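Q: Structure below; questions to follow.
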Amino acid sequence: MGPSRVFVTRSEGHEHGVRSVLRLAEGALQGVAGRDVVIKVNFVSAHVELCATPVEAVRALLEALSRHRAEAVLIAESPSGGTLREALRNYGYYALREEFDVEFFDLAEDDYEVLEVWDRSLERRVRVRVSRTILESEYLVSVVRPKTHDTVVVTLTIKNVAVGAILPPDRGLIHQGPRAINLSIAYIAAHMMPKLAVVDGYVGMEGDGPVSGDPRPMGLAVAGTDAVAVDSTTALLMGFDPCSVGYLYYLWRWGYGCMAPNEVTIEGLTDWRRHVVRFRPHSTYARQLAWRLSPEEYEKALRGLELPRRA
């Protein structure tokens with residue numbers, strides 16, 4: 001198996017960047033024809049536009065899905081702050097129904113499965129309810145704005161799916177310190193890896209993300225079918241070492257995607273290193289890095305755990 005291909009283009013606007021990168025990644029969309037698609041957008045809050053996936057990015061994504069003859073398309077989310085209806089109205093999403101055959105779905109109202117994650121001690125498991133719609137999606141797409149985070153360094157396409165799939169009343173249960181939360185996000189994500197990962201990096205969020213940070217113009221768009229590779233590449237472009245992001249490291253270690261430089265081919269920019277835009281990290285960044293476990297702790301935490309088969 002060859003290196004994972006990650007596509008990166010310059011972006012002159014939310015819609016322009018996503019449209020351009022998906023044109024570059026045209027081959028990656030071949031598998032969508034005739035399949036039902038769930039698009040997981042990111043609305044942490046229904047009232048802070050900078051924290052949300054821009055509607056223009058989703059419009060460009062819907063164009064690409066339509067071009068490749070996707071079947072039914074569902075845009076799914078449940079904000080932690082406010083309601084989905086408020087977010088759709090505030091961020092201009094209802095206009096998409098006038099242009100595309102698309103429906104909206106509130107994950108807070110979904111049926112669920114139960115997964116067990118870790119408590120702070122790593123010795124007990126915590127039960128959380130996760131969306132059955134996300135778990136059973138035939139073709140899952142995650143589309144996000146790149147943001148710094150208050151617990152796990154960065155939030156990108158994988159975390160959008162893994163945490164966003166948890167029913168809102170249970171989301172706080174995974175916040176058990178940096179060591180537990182990175183394991184928990186990786187374990188949940190292993191059950192629901194996106195088939196297509198899209199990052200609209202025209203303007204990201206730096207500082208005290210994922211809601212209260214500041215705009216950071218980046219001028220890039222990133223996409224690919226290996227979400228670990230896409231998120232790792234985006235972290236690099238944000239000025240972070242992807243190996244410092246615990247949940248990405250675990251998913252890579254478990255074989256759910258590529259991260260090492262010799263495993264990833266970045267296409268679309270002649271020298272991507274010239275395009276790195278260093279994001280100011282969250283004020284708690286130093287504490288967030290204390291997620292690593294000793295070999296003994298790691299073995300004990302994963303004892304008896306069965307990871308889902310990789311697609």
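Here's how to read the names in the structure tokens: chain A, B, ... by the order shown, residue numbers from 1 in each chain, ligand numbers from 1 in the order shown.
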List as JSON, numbers by chain the protein and nucleic acid residues near stretch 43-59 of chain A, meaning an atom at most 9 Å away when only C-alpha atoms are counted, but skip any in the same chain fewer than 2 places from it.
A: {"A": [13, 14, 15, 16, 17, 18, 19, 39, 41, 61, 62, 63, 64, 77, 78, 79, 80, 81, 82, 83, 84, 85, 86, 87, 88, 89, 90, 91, 92, 93, 96, 99, 100, 143, 144, 145, 147, 164, 199, 200, 203, 204, 205, 209, 210, 211, 212, 213, 214, 215]}
Q: May I ask for the distance between atom CA of A:Val37 and atom CA of A:Trp254, given in Å to one decimal place?
A: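 Separating atom CA of A:Val37 from atom CA of A:Trp254 is a distance of 26.0 Å.
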Q: Name the residues in contact with A:Arg179 at a cut-off of 7 Å, using only C-alpha atoms, excluding same-chain residues fewer than 6 positions from it; report them as a PDB file with N, CA, C and O atoms, in the first residue's frame.
A:
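Below you can see part-v1.pdb, which holds the result:
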ATOM      1  N   ALA A 290       0.503  16.899  28.369  1.00  0.00           N
ATOM      2  CA  ALA A 290       0.770  15.855  29.366  1.00  0.00           C
ATOM      3  C   ALA A 290      -0.189  14.676  29.196  1.00  0.00           C
ATOM      4  O   ALA A 290      -0.774  14.189  30.163  1.00  0.00           O
ATOM      5  N   TRP A 291      -0.338  14.187  27.982  1.00  0.00           N
ATOM      6  CA  TRP A 291      -1.269  13.091  27.702  1.00  0.00           C
ATOM      7  C   TRP A 291      -0.595  11.739  27.593  1.00  0.00           C
ATOM      8  O   TRP A 291      -1.250  10.693  27.618  1.00  0.00           O
ATOM      9  N   ARG A 292       0.715  11.729  27.480  1.00  0.00           N
ATOM     10  CA  ARG A 292       1.405  10.462  27.202  1.00  0.00           C
ATOM     11  C   ARG A 292       1.399   9.543  28.420  1.00  0.00           C
ATOM     12  O   ARG A 292       1.555   9.987  29.563  1.00  0.00           O
TER      13      ARG A 292
END
Q: Check stretch 154-268 of chain A with DSSP on the backbone and list each residue it calls strand (DSSP E or B), as a ChimeraX atom specification.
A: /A:154-155,166,196-206,214-224,264-267
